[in-house]
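Q: To be precise about what I am sending: the file is called structure-v4.tsv and holds TSV, C-alpha atoms.
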chain	number	residue	atom	x	y	z
J	1	MET	CA	101.86	100.98	60.01
J	2	THR	CA	98.13	101.23	60.46
J	3	GLU	CA	96.41	99.73	63.46
J	4	THR	CA	93.00	98.29	64.24
J	5	THR	CA	91.00	98.07	67.43
J	6	SER	CA	90.20	94.35	67.47
J	7	PRO	CA	90.07	92.88	70.96
J	8	VAL	CA	93.25	92.13	72.85
J	9	PRO	CA	93.51	88.33	73.02
J	10	THR	CA	94.76	88.06	76.60
J	11	ALA	CA	91.90	87.85	79.10
J	12	GLU	CA	91.77	90.83	81.42
J	13	THR	CA	89.87	91.37	84.63
J	14	THR	CA	88.92	94.77	86.02
J	15	THR	CA	89.90	95.74	89.56
J	16	ALA	CA	88.59	98.85	91.31
J	17	VAL	CA	91.57	100.45	93.05
J	18	PRO	CA	90.80	103.03	95.77
J	19	VAL	CA	92.51	106.37	95.26
J	20	PRO	CA	91.84	109.79	96.78
J	21	GLY	CA	88.40	110.92	95.66
J	22	GLY	CA	87.16	107.58	94.32
J	23	THR	CA	88.44	104.54	92.45
J	24	LEU	CA	90.36	103.68	89.29
J	25	ASP	CA	89.12	100.80	87.12
J	26	VAL	CA	92.31	98.88	86.36
J	27	ARG	CA	92.53	96.21	83.67
J	28	VAL	CA	94.78	93.36	84.78
J	29	ALA	CA	95.99	90.38	82.75
J	30	ALA	CA	97.61	87.68	84.86
J	31	GLY	CA	100.71	86.00	83.50
J	32	ALA	CA	104.45	85.83	83.59
J	33	GLY	CA	106.37	88.65	85.17
J	34	PRO	CA	107.79	91.14	85.42
J	35	ALA	CA	104.41	92.70	84.82
J	36	LEU	CA	104.20	95.62	82.40
J	37	VAL	CA	102.38	98.58	84.00
J	38	PHE	CA	101.27	101.11	81.37
J	39	ALA	CA	100.66	104.86	81.79
J	40	HIS	CA	99.18	106.70	78.80
J	41	TYR	CA	99.87	110.07	77.21
J	42	TRP	CA	98.01	113.38	77.69
J	43	GLY	CA	94.86	112.71	75.70
J	44	GLY	CA	95.14	108.93	75.82
J	45	SER	CA	93.53	106.10	77.74
J	46	ALA	CA	94.08	102.45	78.60
J	47	ASP	CA	93.07	101.76	74.97
J	48	THR	CA	96.21	103.56	73.78
J	49	TRP	CA	98.01	100.28	74.42
J	50	ASN	CA	95.63	97.93	72.56
J	51	GLY	CA	97.91	97.35	69.58
J	52	VAL	CA	101.01	96.91	71.75
J	53	LEU	CA	99.34	94.34	74.01
J	54	ARG	CA	98.12	92.33	71.02
J	55	ARG	CA	101.71	92.00	69.82
J	56	LEU	CA	103.34	90.95	73.09
J	57	PRO	CA	104.20	87.26	73.51
J	58	PRO	CA	101.25	85.33	74.99
J	59	GLY	CA	101.06	85.09	78.75
J	60	ARG	CA	102.72	88.36	79.74
J	61	ALA	CA	101.28	90.02	82.86
J	62	THR	CA	99.99	93.52	82.08
J	63	VAL	CA	98.25	96.36	83.91
J	64	ARG	CA	96.62	99.44	82.35
J	65	PHE	CA	94.09	102.09	83.30
J	66	ASP	CA	92.70	105.53	82.48
J	67	GLN	CA	94.63	108.11	84.48
J	68	ARG	CA	92.89	110.53	86.82
J	69	GLY	CA	90.71	113.00	84.94
J	70	TRP	CA	90.63	110.98	81.69
J	71	GLY	CA	88.27	108.43	80.15
J	72	ALA	CA	86.60	106.21	82.73
J	73	ALA	CA	88.38	108.24	85.45
J	74	HIS	CA	87.18	111.64	84.17
J	75	ALA	CA	84.99	112.21	87.25
J	76	LEU	CA	87.82	111.81	89.76
J	77	PRO	CA	88.58	115.15	91.41
J	78	GLY	CA	91.90	116.94	91.21
J	79	PRO	CA	94.62	117.72	91.74
J	80	TYR	CA	95.73	116.36	88.37
J	81	GLY	CA	99.42	117.19	88.63
J	82	LEU	CA	102.38	114.88	88.20
J	83	GLU	CA	102.74	114.05	91.89
J	84	GLN	CA	99.11	112.93	92.04
J	85	LEU	CA	99.48	110.88	88.87
J	86	ALA	CA	102.57	109.21	90.34
J	87	ASP	CA	100.70	108.57	93.61
J	88	ASP	CA	97.82	106.97	91.68
J	89	LEU	CA	100.26	104.84	89.72
J	90	ALA	CA	101.85	103.66	92.97
J	91	ARG	CA	98.44	102.67	94.37
J	92	VAL	CA	97.65	100.73	91.19
J	93	VAL	CA	100.92	98.82	91.49
J	94	GLU	CA	100.40	98.02	95.16
J	95	ALA	CA	96.87	96.77	94.53
J	96	CYS	CA	97.42	94.85	91.30
J	97	VAL	CA	101.04	93.71	91.03
J	98	PRO	CA	102.27	91.19	93.62
J	99	GLY	CA	105.69	90.67	92.04
J	100	PRO	CA	108.33	92.55	90.06
J	101	TYR	CA	107.17	95.00	87.41
J	102	VAL	CA	108.30	97.40	84.71
J	103	LEU	CA	106.74	100.84	84.30
J	104	VAL	CA	105.92	101.74	80.69
J	105	GLY	CA	105.05	105.42	80.39
J	106	HIS	CA	104.17	107.36	77.25
J	107	SER	CA	104.71	111.15	77.07
J	108	MET	CA	102.90	112.56	80.15
J	109	GLY	CA	102.70	109.03	81.51
J	110	GLY	CA	106.44	108.79	81.01
J	111	LYS	CA	107.09	111.80	83.20
J	112	ALA	CA	104.77	110.48	85.92
J	113	SER	CA	106.56	107.11	85.66
J	114	GLN	CA	109.92	108.85	86.12
J	115	LEU	CA	108.64	110.43	89.32
J	116	LEU	CA	107.46	107.10	90.70
J	117	ALA	CA	110.67	105.33	89.70
J	118	ALA	CA	112.66	108.06	91.46
J	119	ARG	CA	111.02	106.99	94.74
J	120	ARG	CA	112.75	103.61	94.33
J	121	PRO	CA	109.63	101.57	95.01
J	122	ALA	CA	109.97	97.94	96.01
J	123	ARG	CA	109.80	95.40	93.18
J	124	LEU	CA	110.42	97.91	90.39
J	125	ALA	CA	112.61	96.07	87.88
J	126	GLY	CA	112.88	98.62	85.11
J	127	LEU	CA	111.49	101.60	83.27
J	128	VAL	CA	110.57	101.98	79.59
J	129	LEU	CA	109.84	105.56	78.53
J	130	VAL	CA	107.94	105.88	75.24
J	131	ALA	CA	108.38	109.28	73.57
J	132	PRO	CA	108.52	110.67	77.11
J	133	ALA	CA	108.37	114.21	78.33
J	134	PRO	CA	111.89	114.86	79.62
J	135	PRO	CA	112.52	115.75	83.24
J	136	ARG	CA	113.95	119.12	82.21
J	137	PRO	CA	111.73	120.97	79.73
J	138	PRO	CA	113.56	122.41	76.72
J	139	ALA	CA	113.64	126.13	76.03
J	140	ALA	CA	110.93	125.73	73.37
J	141	VAL	CA	108.38	124.99	76.11
J	142	THR	CA	107.58	128.66	76.65
J	143	GLU	CA	104.50	130.10	78.31
J	144	GLU	CA	103.14	131.02	74.89
J	145	TYR	CA	103.67	127.48	73.62
J	146	ARG	CA	101.94	126.03	76.68
J	147	ARG	CA	98.94	128.33	76.35
J	148	GLY	CA	98.50	127.26	72.74
J	149	LEU	CA	98.92	123.59	73.61
J	150	SER	CA	96.24	123.85	76.28
J	151	HIS	CA	93.65	124.35	73.52
J	152	ALA	CA	94.71	121.38	71.38
J	153	TYR	CA	91.83	119.24	72.63
J	154	ASP	CA	89.09	121.86	72.80
J	155	SER	CA	86.97	120.28	70.05
J	156	PRO	CA	86.96	117.41	67.56
J	157	GLU	CA	88.35	119.81	64.96
J	158	THR	CA	91.33	120.86	67.09
J	159	VAL	CA	92.06	117.24	67.95
J	160	GLU	CA	92.01	116.27	64.28
J	161	HIS	CA	94.40	119.14	63.53
J	162	ALA	CA	96.76	118.01	66.30
J	163	LEU	CA	96.73	114.44	65.03
J	164	ASP	CA	97.45	115.48	61.46
J	165	HIS	CA	100.02	118.21	62.04
J	166	VAL	CA	101.73	117.48	65.37
J	167	LEU	CA	101.15	114.09	66.94
J	168	THR	CA	101.57	111.57	64.13
J	169	ALA	CA	103.87	110.93	61.21
J	170	ALA	CA	102.37	107.60	60.11
J	171	PRO	CA	98.73	107.00	59.12
J	172	LEU	CA	96.29	105.62	61.66
J	173	SER	CA	93.43	103.33	60.78
J	174	ALA	CA	89.97	104.88	60.95
J	175	GLU	CA	89.22	102.89	64.11
J	176	VAL	CA	92.37	103.93	65.95
J	177	ARG	CA	91.98	107.53	64.84
J	178	ALA	CA	88.39	107.60	66.13
J	179	THR	CA	89.56	106.21	69.47
J	180	ALA	CA	92.30	108.83	69.71
J	181	VAL	CA	89.78	111.62	69.05
J	182	ARG	CA	87.37	110.17	71.62
J	183	ASP	CA	90.10	109.86	74.24
J	184	SER	CA	91.42	113.39	73.67
J	185	LEU	CA	87.97	114.83	74.37
J	186	ALA	CA	87.27	112.60	77.38
J	187	ALA	CA	88.40	114.93	80.16
J	188	GLY	CA	87.16	117.93	82.06
J	189	ASN	CA	88.76	121.31	81.49
J	190	GLU	CA	90.90	121.22	84.61
J	191	ALA	CA	92.42	117.81	83.86
J	192	ARG	CA	92.86	118.65	80.17
J	193	ARG	CA	94.78	121.84	80.90
J	194	GLU	CA	96.88	120.78	83.88
J	195	TRP	CA	99.52	119.05	81.79
J	196	PRO	CA	100.18	121.75	79.15
J	197	LEU	CA	99.94	124.65	81.59
J	198	HIS	CA	101.97	123.11	84.41
J	199	GLY	CA	103.17	119.50	84.17
J	200	ILE	CA	105.05	119.76	80.90
J	201	ALA	CA	107.09	122.67	82.32
J	202	GLN	CA	107.83	121.07	85.70
J	203	ASP	CA	111.54	120.43	86.26
J	204	ILE	CA	111.98	117.08	88.02
J	205	THR	CA	115.68	116.60	87.37
J	206	GLY	CA	116.45	116.64	91.10
J	207	ALA	CA	114.16	113.68	91.64
J	208	VAL	CA	115.02	111.50	88.64
J	209	ARG	CA	118.69	111.31	89.51
J	210	GLY	CA	117.55	108.80	92.14
J	211	ILE	CA	116.31	106.26	89.58
J	212	ASP	CA	118.32	103.09	90.12
J	213	VAL	CA	116.86	100.58	87.64
J	214	PRO	CA	117.58	99.94	83.94
J	215	VAL	CA	115.89	102.51	81.70
J	216	THR	CA	115.18	102.36	77.98
J	217	VAL	CA	113.93	105.45	76.17
J	218	LEU	CA	112.01	104.83	72.95
J	219	ALA	CA	112.19	107.88	70.70
J	220	ALA	CA	110.33	108.30	67.41
J	221	GLU	CA	112.29	109.32	64.33
J	222	HIS	CA	109.76	111.96	63.23
J	223	ASP	CA	108.46	113.08	66.62
J	224	VAL	CA	108.09	116.87	66.66
J	225	VAL	CA	106.86	116.93	70.27
J	226	GLU	CA	109.78	115.12	71.92
J	227	PRO	CA	112.37	114.63	69.15
J	228	PRO	CA	115.29	112.28	69.74
J	229	ARG	CA	117.67	115.26	69.96
J	230	VAL	CA	115.59	116.77	72.79
J	231	LEU	CA	115.56	113.50	74.69
J	232	SER	CA	119.31	113.17	74.22
J	233	ALA	CA	119.88	116.65	75.63
J	234	HIS	CA	117.16	116.92	78.29
J	235	LEU	CA	116.63	113.36	79.57
J	236	LEU	CA	119.71	111.19	79.13
J	237	PRO	CA	122.04	113.45	81.17
J	238	HIS	CA	119.69	113.33	84.15
J	239	VAL	CA	118.36	109.75	84.29
J	240	PRO	CA	120.98	107.21	85.35
J	241	HIS	CA	121.25	103.95	83.40
J	242	ALA	CA	119.15	105.31	80.50
J	243	THR	CA	119.75	104.29	76.89
J	244	LEU	CA	118.04	105.77	73.84
J	245	VAL	CA	116.54	103.70	71.02
J	246	THR	CA	115.10	105.53	68.00
J	247	LEU	CA	112.24	103.79	66.19
J	248	PRO	CA	111.89	104.70	62.50
J	249	GLY	CA	108.94	106.08	60.61
J	250	ALA	CA	106.73	107.25	63.46
J	251	GLY	CA	105.76	110.39	65.33
J	252	HIS	CA	104.83	111.12	68.91
J	253	LEU	CA	102.03	108.56	69.17
J	254	LEU	CA	104.37	105.59	68.96
J	255	PRO	CA	101.98	103.06	70.59
J	256	LEU	CA	99.35	103.89	67.95
J	257	GLU	CA	101.63	104.34	64.96
J	258	SER	CA	104.16	101.54	65.55
J	259	PRO	CA	102.68	99.10	68.08
J	260	ALA	CA	104.69	96.16	66.76
J	261	ALA	CA	107.98	98.04	67.18
J	262	VAL	CA	107.03	99.09	70.72
J	263	ALA	CA	106.05	95.52	71.63
J	264	THR	CA	109.34	94.20	70.26
J	265	ALA	CA	111.30	96.81	72.21
J	266	LEU	CA	109.44	95.87	75.41
J	267	THR	CA	110.15	92.18	74.86
J	268	ASP	CA	113.83	92.88	74.21
J	269	PHE	CA	114.01	95.02	77.36
J	270	LEU	CA	112.48	92.26	79.49
J	271	GLU	CA	114.91	89.70	78.11
J	272	ARG	CA	117.87	91.89	79.09
J	273	LEU	CA	116.73	92.60	82.63
J	274	PRO	CA	118.93	91.30	85.43
J	275	HIS	CA	117.39	89.58	88.42
J	276	LEU	CA	115.46	92.03	90.59
J	277	PRO	CA	117.83	93.25	93.31
J	278	ALA	CA	116.87	93.03	96.92
J	279	ARG	CA	115.48	96.27	98.34
What is this file in structure tokens?
A:
Amino acid sequence: MTETTSPVPTAETTTAVPVPGGTLDVRVAAGAGPALVFAHYWGGSADTWNGVLRRLPPGRATVRFDQRGWGAAHALPGPYGLEQLADDLARVVEACVPGPYVLVGHSMGGKASQLLAARRPARLAGLVLVAPAPPRPPAAVTEEYRRGLSHAYDSPETVEHALDHVLTAAPLSAEVRATAVRDSLAAGNEARREWPLHGIAQDITGAVRGIDVPVTVLAAEHDVVEPPRVLSAHLLPHVPHATLVTLPGAGHLLPLESPAAVATALTDFLERLPHLPAR
């Protein structure tokens, strides 16, 4: 399915959230809860979720932002590791979400979301992991692999190659593709390389065993970065309450390739949530 970049219909306001070293510009849409709080992939931005938000039922509360070191937040200083990303995500929630919420994390954002969920924060109602990096890296994530990955976003040409040969299995519209290239280049060297050189290899299995909310894992049928078999072996055994749903026809960039399927899965997840337990 191709995707366009027409405006998201739900009105959003922008809130400046203080974080160490500066502020994050957070886009907030008021509405019915639980609010969906989105965390993008390595190379993404708040705009990664445009197509998904357009396809959610009207009136859903949503929160999204560019993570530290990327896009509008590219000037924020490091560290850019998973703990800092999880800390930033927690500050965004505290500043922008007064009620219950669900974390929706894609790839790198999925691993940061796992870390925050493992802290058992108040008001967290659930966790949706979209083609997430698993808490235990598979054997294929070698030092050689990580060194090569760290150069995937060095130039427009390397980004185009990654999109065509690694990240996607379904065609993107010209507009969405241009946004993905822009976002992948919108980081300084330190932020761009932190994830492939360190974060992707970090073992957080000890932490994620503490997650105590419902978890849905959305895998992509043709994902070569985090295939369903890898998520089955390296995530499901470690994250309590997690179930795996495989979406057909897409690769690693599920929110860009299959936004309607992701939106439907989010809606289904929200409908199945129990009442938020007291904490």
Q: Taking all atoms listed in the file into account, which of J:Arg68, J:Leu266, J:Val63, J:Ala131 comes nearest J:Ser107?
A: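 Of J:Arg68, J:Leu266, J:Val63, J:Ala131, the one nearest J:Ser107 is J:Ala131, counting all atoms listed in the file.
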Q: What does the distance from atom CA of J:Val52 to atom CA of J:Pro134 come to in Å, to one decimal?
A: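 So the answer is 22.4 Å.
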Q: I'd like to know which of J:His198, J:Arg55, J:Arg91, J:His106 is closest to J:Ala219, using all atoms listed in the file.
A: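 Result for the nearest residue to J:Ala219: J:His106.
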Q: Please identify all polymer residues within 8 Å of J:Ala72, counting all atoms listed in the file, omitting same-chain residues fewer than 4 positions from it, and present them as a PyMOL selection string.
A: chain J and resi 24-25+66
Q: Just the selected residues (C-alpha atoms), exported as a compact mmCIF listing (two decimals), in the frame of the given file, please.
A:
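Below is the file part11.txt, written as the result:
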# COMPACT_ATOMS: atom_id res chain seq x y z
CA LEU J 24 90.36 103.68 89.29
CA ASP J 25 89.12 100.80 87.12
CA ASP J 66 92.70 105.53 82.48
Q: At what distance in Å, to one decimal, does atom CA of J:Arg120 lie from atom CA of J:Pro138?
A: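 Spanning atom CA of J:Pro138 to atom CA of J:Arg120 is a straight-line distance of 25.8 Å.
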Q: Kindly provide, as AutoDock Vina command-line options, the centre and edge lengths (Å, one decimal) of an axis-aligned box around all atoms of stretch 165-168 of chain J given in the file, with 5 Å on each side.
A:
--center_x 100.9 --center_y 114.9 --center_z 64.5 --size_x 11.7 --size_y 16.6 --size_z 14.9
